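Since the structure comes first, as structure tokens, the remarks are kept for the end.
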Amino acid sequence: MLRERSARNWIGWTITGLMAALLLLSAVPDVLQIPGALMVFAHLGYPPYLLVFLGTAKLVGVLTILVPGLPRLKEWAFAGLTFDVTGALYSHLSVGDPPGAWAPAVIALTLVAGSYVAFRLGQGRDLLSSSRHPALSQTAVEAPDHRLMIHD
């Protein structure tokens with residue numbers, strides 16, 4: 001059991017590390033407004049000022065995921081990174097870019113999803129529950145007289 005948990009933890013941190021590296025490598029050129037990043041943004045039809053905002057948000061999201069604690073903020077960071085990467089994928093597909101241009105977004109989305117799964121499992125929660133303690137999770141059911149009742 002301990003060995004399984006250790007292996008799962010190691011795999012989760014490996015996926016999270018790869019995700020962080022990829023997203024940081026894409027965020028830094030955005031924040032610094034490197035000419036290549038500006039060129040891609042112009043090609044996608046976005047204004048240059050949005051590049052710094054998205055790059056900074058991506059940096060903050062990755063750092064939030066990497067620091068210990070802050071489980072509620074991590075949930076928001078994962079959501080934000082998912083929106084960012086999904087938006088990048090959609091943008092590249094919308095302008096007809098070849099797979100070489102949008103494949104990094106698919107890889108990033110896969111890594112964000114894998115890291116999120118590892119985070120949820122590491123919190124001792126299943127992937128669908130919002131409760132930290134399964135014993136405290138409740139299910140709503142309709143009673144025969146059409147009232148809503150909560151059952152454990």
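Every chain in the structure tokens takes a letter, A first, then B, and so on in the order presented; its residues are numbered from 1, and the ligands are numbered from 1 following the presented order.
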
Near-range 95-111 of chain A list (9 Å; only C-alpha atoms; drop same-chain fewer than 6 positions) as a ChimeraX atom specification
/A:15-16,18-20,22-23,43-45,81-82,85-89

So, with only C-alpha atoms as the atoms that count, which of A:Leu51, A:Trp13, A:Val117, A:Arg8 lies closest to Asp84 in chain A?
A:Leu51

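For the set A:Gly114, A:Pro48, A:Pro29, A:Gly36, the residue with the smallest atom-to-atom gap to Thr14 in chain A is A:Gly114, counting only C-alpha atoms.
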
Would you return as a ChimeraX atom specification the members of range 30-145 of chain A that DSSP assigns to strand (DSSP E or B) on this structure's backbone?
/A:139-142
